[in-house]
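Structure file query-v7.pdb (PDB, C-alpha atoms) is printed below.
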```pdb
ATOM      1  CA  MET V  67     101.493  49.882 113.270  1.00  0.00           C
ATOM      2  CA  ASN V  68      99.420  52.863 114.308  1.00  0.00           C
ATOM      3  CA  HIS V  69      98.489  55.253 111.524  1.00  0.00           C
ATOM      4  CA  ALA V  70      99.513  52.788 108.804  1.00  0.00           C
ATOM      5  CA  ASP V  71      98.024  53.045 105.334  1.00  0.00           C
ATOM      6  CA  LEU V  72      96.124  49.758 105.522  1.00  0.00           C
ATOM      7  CA  ASP V  73      95.254  49.690 101.825  1.00  0.00           C
ATOM      8  CA  ALA V  74      98.947  50.064 100.956  1.00  0.00           C
ATOM      9  CA  LEU V  75      99.862  47.385 103.490  1.00  0.00           C
ATOM     10  CA  LYS V  76      97.323  44.940 102.057  1.00  0.00           C
ATOM     11  CA  GLN V  77      98.529  45.687  98.518  1.00  0.00           C
ATOM     12  CA  ARG V  78     102.158  45.109  99.548  1.00  0.00           C
ATOM     13  CA  VAL V  79     101.279  41.770 101.179  1.00  0.00           C
ATOM     14  CA  PHE V  80      99.343  40.730  98.073  1.00  0.00           C
ATOM     15  CA  GLU V  81     102.162  41.693  95.672  1.00  0.00           C
ATOM     16  CA  THR V  82     104.905  39.922  97.648  1.00  0.00           C
ATOM     17  CA  PRO V  83     106.091  36.806  95.781  1.00  0.00           C
ATOM     18  CA  TRP V  84     105.242  34.316  98.529  1.00  0.00           C
ATOM     19  CA  ARG V  85     106.478  30.753  98.129  1.00  0.00           C
ATOM     20  CA  GLU V  86     103.113  29.481  99.448  1.00  0.00           C
ATOM     21  CA  PRO V  87     100.592  32.323  98.975  1.00  0.00           C
ATOM     22  CA  ASN V  88      97.684  30.193 100.231  1.00  0.00           C
ATOM     23  CA  LEU V  89      99.365  30.098 103.670  1.00  0.00           C
ATOM     24  CA  VAL V  90      99.646  33.885 104.059  1.00  0.00           C
ATOM     25  CA  GLN V  91      97.427  35.406 106.748  1.00  0.00           C
ATOM     26  CA  LEU V  92      97.271  39.120 107.506  1.00  0.00           C
ATOM     27  CA  LEU V  93      95.406  40.256 110.630  1.00  0.00           C
ATOM     28  CA  VAL V  94      94.265  43.881 110.496  1.00  0.00           C
ATOM     29  CA  MET V  95      92.251  46.044 112.887  1.00  0.00           C
ATOM     30  CA  ASP V  96      91.520  49.565 111.666  1.00  0.00           C
ATOM     31  CA  GLN V  97      91.230  52.596 113.951  1.00  0.00           C
ATOM     32  CA  GLU V  98      87.447  52.458 114.412  1.00  0.00           C
ATOM     33  CA  GLU V  99      87.064  48.660 114.420  1.00  0.00           C
ATOM     34  CA  GLY V 100      86.608  46.453 117.463  1.00  0.00           C
ATOM     35  CA  PHE V 101      88.086  43.194 116.180  1.00  0.00           C
ATOM     36  CA  PHE V 102      90.710  41.960 113.749  1.00  0.00           C
ATOM     37  CA  ARG V 103      89.899  41.015 110.186  1.00  0.00           C
ATOM     38  CA  MET V 104      91.903  38.235 108.566  1.00  0.00           C
ATOM     39  CA  TRP V 105      92.975  38.641 104.949  1.00  0.00           C
ATOM     40  CA  MET V 106      94.194  35.708 102.846  1.00  0.00           C
ATOM     41  CA  ILE V 107      95.242  35.288  99.228  1.00  0.00           C
ATOM     42  CA  ARG V 108      92.704  33.166  97.351  1.00  0.00           C
ATOM     43  CA  ASP V 109      92.150  32.832  93.603  1.00  0.00           C
ATOM     44  CA  ASN V 110      94.846  35.446  92.953  1.00  0.00           C
ATOM     45  CA  GLU V 111      93.233  38.140  95.091  1.00  0.00           C
ATOM     46  CA  LEU V 112      93.416  39.277  98.690  1.00  0.00           C
ATOM     47  CA  ARG V 113      90.136  38.393 100.423  1.00  0.00           C
ATOM     48  CA  GLN V 114      88.775  39.192 103.854  1.00  0.00           C
ATOM     49  CA  PHE V 115      87.857  36.236 106.052  1.00  0.00           C
ATOM     50  CA  ALA V 116      85.932  37.628 109.015  1.00  0.00           C
ATOM     51  CA  PRO V 117      82.339  37.820 110.051  1.00  0.00           C
ATOM     52  CA  LEU V 118      80.543  40.662 108.333  1.00  0.00           C
ATOM     53  CA  ARG V 119      77.770  40.478 110.918  1.00  0.00           C
ATOM     54  CA  PRO V 120      77.624  41.539 113.584  1.00  0.00           C
ATOM     55  CA  ASN V 121      79.884  44.509 113.068  1.00  0.00           C
ATOM     56  CA  GLU V 122      80.741  47.483 115.224  1.00  0.00           C
ATOM     57  CA  GLU V 123      77.938  49.606 113.753  1.00  0.00           C
ATOM     58  CA  ASP V 124      75.162  47.100 114.515  1.00  0.00           C
ATOM     59  CA  GLU V 125      72.816  47.990 117.365  1.00  0.00           C
ATOM     60  CA  GLY V 126      73.708  45.982 120.442  1.00  0.00           C
ATOM     61  CA  PHE V 127      77.154  44.935 119.184  1.00  0.00           C
ATOM     62  CA  TYR V 128      78.896  45.981 122.400  1.00  0.00           C
ATOM     63  CA  ARG V 129      76.337  44.451 124.763  1.00  0.00           C
ATOM     64  CA  SER V 130      77.268  41.271 126.567  1.00  0.00           C
TER      65      SER V 130
END
```
As structure tokens, the full file:
Amino acid sequence: MNHADLDALKQRVFETPWREPNLVQLLVMDQEEGFFRMWMIRDNELRQFAPLRPNEEDEGFYRS
């Protein structure tokens, strides 16, 4: 979904009346990001479950 409004997408996923909301997993990679972030519904909010560090802006992130 190139050029998607990711905030709107995440809001739509959160507002959907899922039968088992704790099983919902949304994988998102924004335009300038190098890896997917996983979002899950926990405690009645959509939360990101992905490493915050290292991230694409950290020095040496792209080195092997």
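Of the residues under consideration (V:His69, V:Met95, V:Arg103, V:Asn110), V:Asn110 shows the shortest atom-to-atom contact distance to Pro83 in chain V when counting all atoms listed in the file.
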- [ ] Using the chain letters and residue numbers of this document, give as a ChimeraX atom specification the residues selected by the PyMOL selection byres ((chain V and resi 76) around 10).
- [x] /V:71-75,77-81,92-94,105-106,112-113
Task: Atomic separation - CA of Gln91 in chain V relative to CA of Phe115 in chain V, Å - done: 9.6 Å
TODO: Please measure the separation of CA of Thr82 in chain V and CA of Ile107 in chain V, giving the value in Å to one decimal.
DONE: 10.8 Å
TODO: Report the distance between CA of Met104 in chain V and CA of Leu89 in chain V in Å, rounded to one decimal place.
DONE: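 The value is 12.1 Å.
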Kindly list the centre and edge lengths in Å, rounded to one decimal, for the axis-aligned box that covers all listed atoms of range 69-80 of chain V plus 3 Å on each of its six sides, as lines of an AutoDock Vina configuration file.
```
center_x = 98.7
center_y = 48.0
center_z = 104.8
size_x = 12.9
size_y = 20.5
size_z = 19.5
```
Task: Nearest to Asp109 in chain V by atom-to-atom distance, counting only C-alpha atoms, from V:Asn68, V:Asn88, V:Gln97, V:Asn121 - done: V:Asn88
Task: Nearest candidate to Phe127 in chain V (options V:Gln114, V:Arg108, V:Phe101, V:Trp84; using all atoms listed in the file) - done: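 Nearest to Phe127 in chain V: V:Phe101.
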For range 77-91 of chain V, write all heavy atoms out as a JSON list (two decimals), in the first residue's frame.
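Final file, part05.json:
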```
[["chain", "number", "residue", "atom", "x", "y", "z"],
["V", 77, "GLN", "N", -5.54, 3.61, 12.81],
["V", 77, "GLN", "CA", -6.79, 3.95, 13.50],
["V", 77, "GLN", "C", -7.92, 3.02, 13.07],
["V", 77, "GLN", "O", -8.70, 2.54, 13.89],
["V", 77, "GLN", "CB", -7.16, 5.41, 13.24],
["V", 77, "GLN", "CG", -8.32, 5.90, 14.05],
["V", 77, "GLN", "CD", -8.05, 5.90, 15.55],
["V", 77, "GLN", "OE1", -6.92, 6.13, 15.99],
["V", 77, "GLN", "NE2", -9.06, 5.65, 16.33],
["V", 78, "ARG", "N", -8.00, 2.74, 11.78],
["V", 78, "ARG", "CA", -9.03, 1.84, 11.25],
["V", 78, "ARG", "C", -8.89, 0.44, 11.83],
["V", 78, "ARG", "O", -9.88, -0.19, 12.23],
["V", 78, "ARG", "CB", -8.95, 1.81, 9.72],
["V", 78, "ARG", "CG", -9.85, 0.81, 9.06],
["V", 78, "ARG", "CD", -11.30, 1.16, 9.26],
["V", 78, "ARG", "NE", -12.10, 0.14, 8.65],
["V", 78, "ARG", "CZ", -13.31, 0.33, 8.18],
["V", 78, "ARG", "NH1", -13.86, 1.49, 8.27],
["V", 78, "ARG", "NH2", -13.96, -0.66, 7.64],
["V", 79, "VAL", "N", -7.66, -0.07, 11.88],
["V", 79, "VAL", "CA", -7.41, -1.39, 12.46],
["V", 79, "VAL", "C", -7.82, -1.39, 13.93],
["V", 79, "VAL", "O", -8.47, -2.33, 14.41],
["V", 79, "VAL", "CB", -5.92, -1.80, 12.30],
["V", 79, "VAL", "CG1", -5.57, -3.00, 13.15],
["V", 79, "VAL", "CG2", -5.62, -2.07, 10.84],
["V", 80, "PHE", "N", -7.46, -0.35, 14.66],
["V", 80, "PHE", "CA", -7.80, -0.27, 16.07],
["V", 80, "PHE", "C", -9.31, -0.23, 16.29],
["V", 80, "PHE", "O", -9.83, -0.87, 17.21],
["V", 80, "PHE", "CB", -7.14, 0.96, 16.71],
["V", 80, "PHE", "CG", -7.53, 1.18, 18.13],
["V", 80, "PHE", "CD1", -7.10, 0.31, 19.12],
["V", 80, "PHE", "CD2", -8.34, 2.24, 18.48],
["V", 80, "PHE", "CE1", -7.46, 0.50, 20.45],
["V", 80, "PHE", "CE2", -8.71, 2.44, 19.80],
["V", 80, "PHE", "CZ", -8.27, 1.56, 20.79],
["V", 81, "GLU", "N", -10.03, 0.51, 15.47],
["V", 81, "GLU", "CA", -11.48, 0.69, 15.65],
["V", 81, "GLU", "C", -12.31, -0.49, 15.15],
["V", 81, "GLU", "O", -13.50, -0.57, 15.45],
["V", 81, "GLU", "CB", -11.93, 1.96, 14.94],
["V", 81, "GLU", "CG", -11.39, 3.21, 15.60],
["V", 81, "GLU", "CD", -11.73, 4.48, 14.83],
["V", 81, "GLU", "OE1", -12.19, 4.38, 13.66],
["V", 81, "GLU", "OE2", -11.51, 5.56, 15.39],
["V", 82, "THR", "N", -11.74, -1.39, 14.40],
["V", 82, "THR", "CA", -12.47, -2.54, 13.89],
["V", 82, "THR", "C", -12.90, -3.43, 15.06],
["V", 82, "THR", "O", -12.10, -3.70, 15.96],
["V", 82, "THR", "CB", -11.59, -3.34, 12.90],
["V", 82, "THR", "OG1", -11.25, -2.48, 11.82],
["V", 82, "THR", "CG2", -12.32, -4.56, 12.38],
["V", 83, "PRO", "N", -14.15, -3.88, 15.07],
["V", 83, "PRO", "CA", -14.62, -4.71, 16.19],
["V", 83, "PRO", "C", -14.15, -6.16, 16.05],
["V", 83, "PRO", "O", -14.92, -7.06, 15.69],
["V", 83, "PRO", "CB", -16.15, -4.60, 16.10],
["V", 83, "PRO", "CG", -16.41, -4.34, 14.65],
["V", 83, "PRO", "CD", -15.24, -3.54, 14.15],
["V", 84, "TRP", "N", -12.89, -6.40, 16.31],
["V", 84, "TRP", "CA", -12.31, -7.74, 16.19],
["V", 84, "TRP", "C", -12.91, -8.69, 17.22],
["V", 84, "TRP", "O", -13.15, -8.31, 18.35],
["V", 84, "TRP", "CB", -10.80, -7.68, 16.40],
["V", 84, "TRP", "CG", -10.10, -6.78, 15.43],
["V", 84, "TRP", "CD1", -9.65, -5.52, 15.68],
["V", 84, "TRP", "CD2", -9.79, -7.05, 14.07],
["V", 84, "TRP", "NE1", -9.07, -5.00, 14.57],
["V", 84, "TRP", "CE2", -9.14, -5.91, 13.56],
["V", 84, "TRP", "CE3", -10.00, -8.14, 13.24],
["V", 84, "TRP", "CZ2", -8.70, -5.84, 12.24],
["V", 84, "TRP", "CZ3", -9.55, -8.06, 11.94],
["V", 84, "TRP", "CH2", -8.91, -6.93, 11.45],
["V", 85, "ARG", "N", -13.13, -9.92, 16.83],
["V", 85, "ARG", "CA", -13.61, -10.95, 17.75],
["V", 85, "ARG", "C", -12.55, -11.22, 18.82],
["V", 85, "ARG", "O", -12.87, -11.40, 20.00],
["V", 85, "ARG", "CB", -13.93, -12.23, 16.99],
["V", 85, "ARG", "CG", -14.50, -13.31, 17.89],
["V", 85, "ARG", "CD", -14.83, -14.57, 17.15],
["V", 85, "ARG", "NE", -15.70, -14.29, 16.01],
["V", 85, "ARG", "CZ", -15.90, -15.11, 15.00],
["V", 85, "ARG", "NH1", -15.27, -16.26, 14.94],
["V", 85, "ARG", "NH2", -16.70, -14.79, 14.02],
["V", 86, "GLU", "N", -11.30, -11.26, 18.43],
["V", 86, "GLU", "CA", -10.17, -11.51, 19.34],
["V", 86, "GLU", "C", -9.11, -10.41, 19.14],
["V", 86, "GLU", "O", -8.10, -10.63, 18.48],
["V", 86, "GLU", "CB", -9.55, -12.89, 19.06],
["V", 86, "GLU", "CG", -10.49, -14.05, 19.22],
["V", 86, "GLU", "CD", -10.89, -14.31, 20.67],
["V", 86, "GLU", "OE1", -10.21, -13.79, 21.59],
["V", 86, "GLU", "OE2", -11.87, -15.02, 20.88],
["V", 87, "PRO", "N", -9.33, -9.22, 19.68],
["V", 87, "PRO", "CA", -8.41, -8.11, 19.42],
["V", 87, "PRO", "C", -6.97, -8.38, 19.85],
["V", 87, "PRO", "O", -6.04, -7.83, 19.26],
["V", 87, "PRO", "CB", -9.01, -6.94, 20.18],
["V", 87, "PRO", "CG", -9.97, -7.54, 21.15],
["V", 87, "PRO", "CD", -10.41, -8.84, 20.57],
["V", 88, "ASN", "N", -6.75, -9.23, 20.84],
["V", 88, "ASN", "CA", -5.38, -9.52, 21.27],
["V", 88, "ASN", "C", -4.60, -10.35, 20.26],
["V", 88, "ASN", "O", -3.39, -10.51, 20.40],
["V", 88, "ASN", "CB", -5.37, -10.24, 22.62],
["V", 88, "ASN", "CG", -5.68, -9.31, 23.76],
["V", 88, "ASN", "OD1", -5.37, -8.13, 23.73],
["V", 88, "ASN", "ND2", -6.31, -9.84, 24.78],
["V", 89, "LEU", "N", -5.28, -10.87, 19.23],
["V", 89, "LEU", "CA", -4.60, -11.65, 18.19],
["V", 89, "LEU", "C", -4.24, -10.82, 16.96],
["V", 89, "LEU", "O", -3.51, -11.29, 16.10],
["V", 89, "LEU", "CB", -5.48, -12.83, 17.76],
["V", 89, "LEU", "CG", -5.83, -13.86, 18.84],
["V", 89, "LEU", "CD1", -6.72, -14.94, 18.27],
["V", 89, "LEU", "CD2", -4.58, -14.44, 19.45],
["V", 90, "VAL", "N", -4.74, -9.59, 16.90],
["V", 90, "VAL", "CA", -4.51, -8.74, 15.73],
["V", 90, "VAL", "C", -3.06, -8.28, 15.69],
["V", 90, "VAL", "O", -2.51, -7.83, 16.69],
["V", 90, "VAL", "CB", -5.45, -7.52, 15.76],
["V", 90, "VAL", "CG1", -5.12, -6.55, 14.64],
["V", 90, "VAL", "CG2", -6.90, -7.97, 15.66],
["V", 91, "GLN", "N", -2.45, -8.42, 14.51],
["V", 91, "GLN", "CA", -1.08, -7.94, 14.29],
["V", 91, "GLN", "C", -1.04, -7.18, 12.98],
["V", 91, "GLN", "O", -1.46, -7.69, 11.94],
["V", 91, "GLN", "CB", -0.10, -9.11, 14.23],
["V", 91, "GLN", "CG", -0.05, -9.92, 15.50],
["V", 91, "GLN", "CD", 0.86, -11.13, 15.37],
["V", 91, "GLN", "OE1", 1.52, -11.32, 14.36],
["V", 91, "GLN", "NE2", 0.87, -11.96, 16.40]]
```
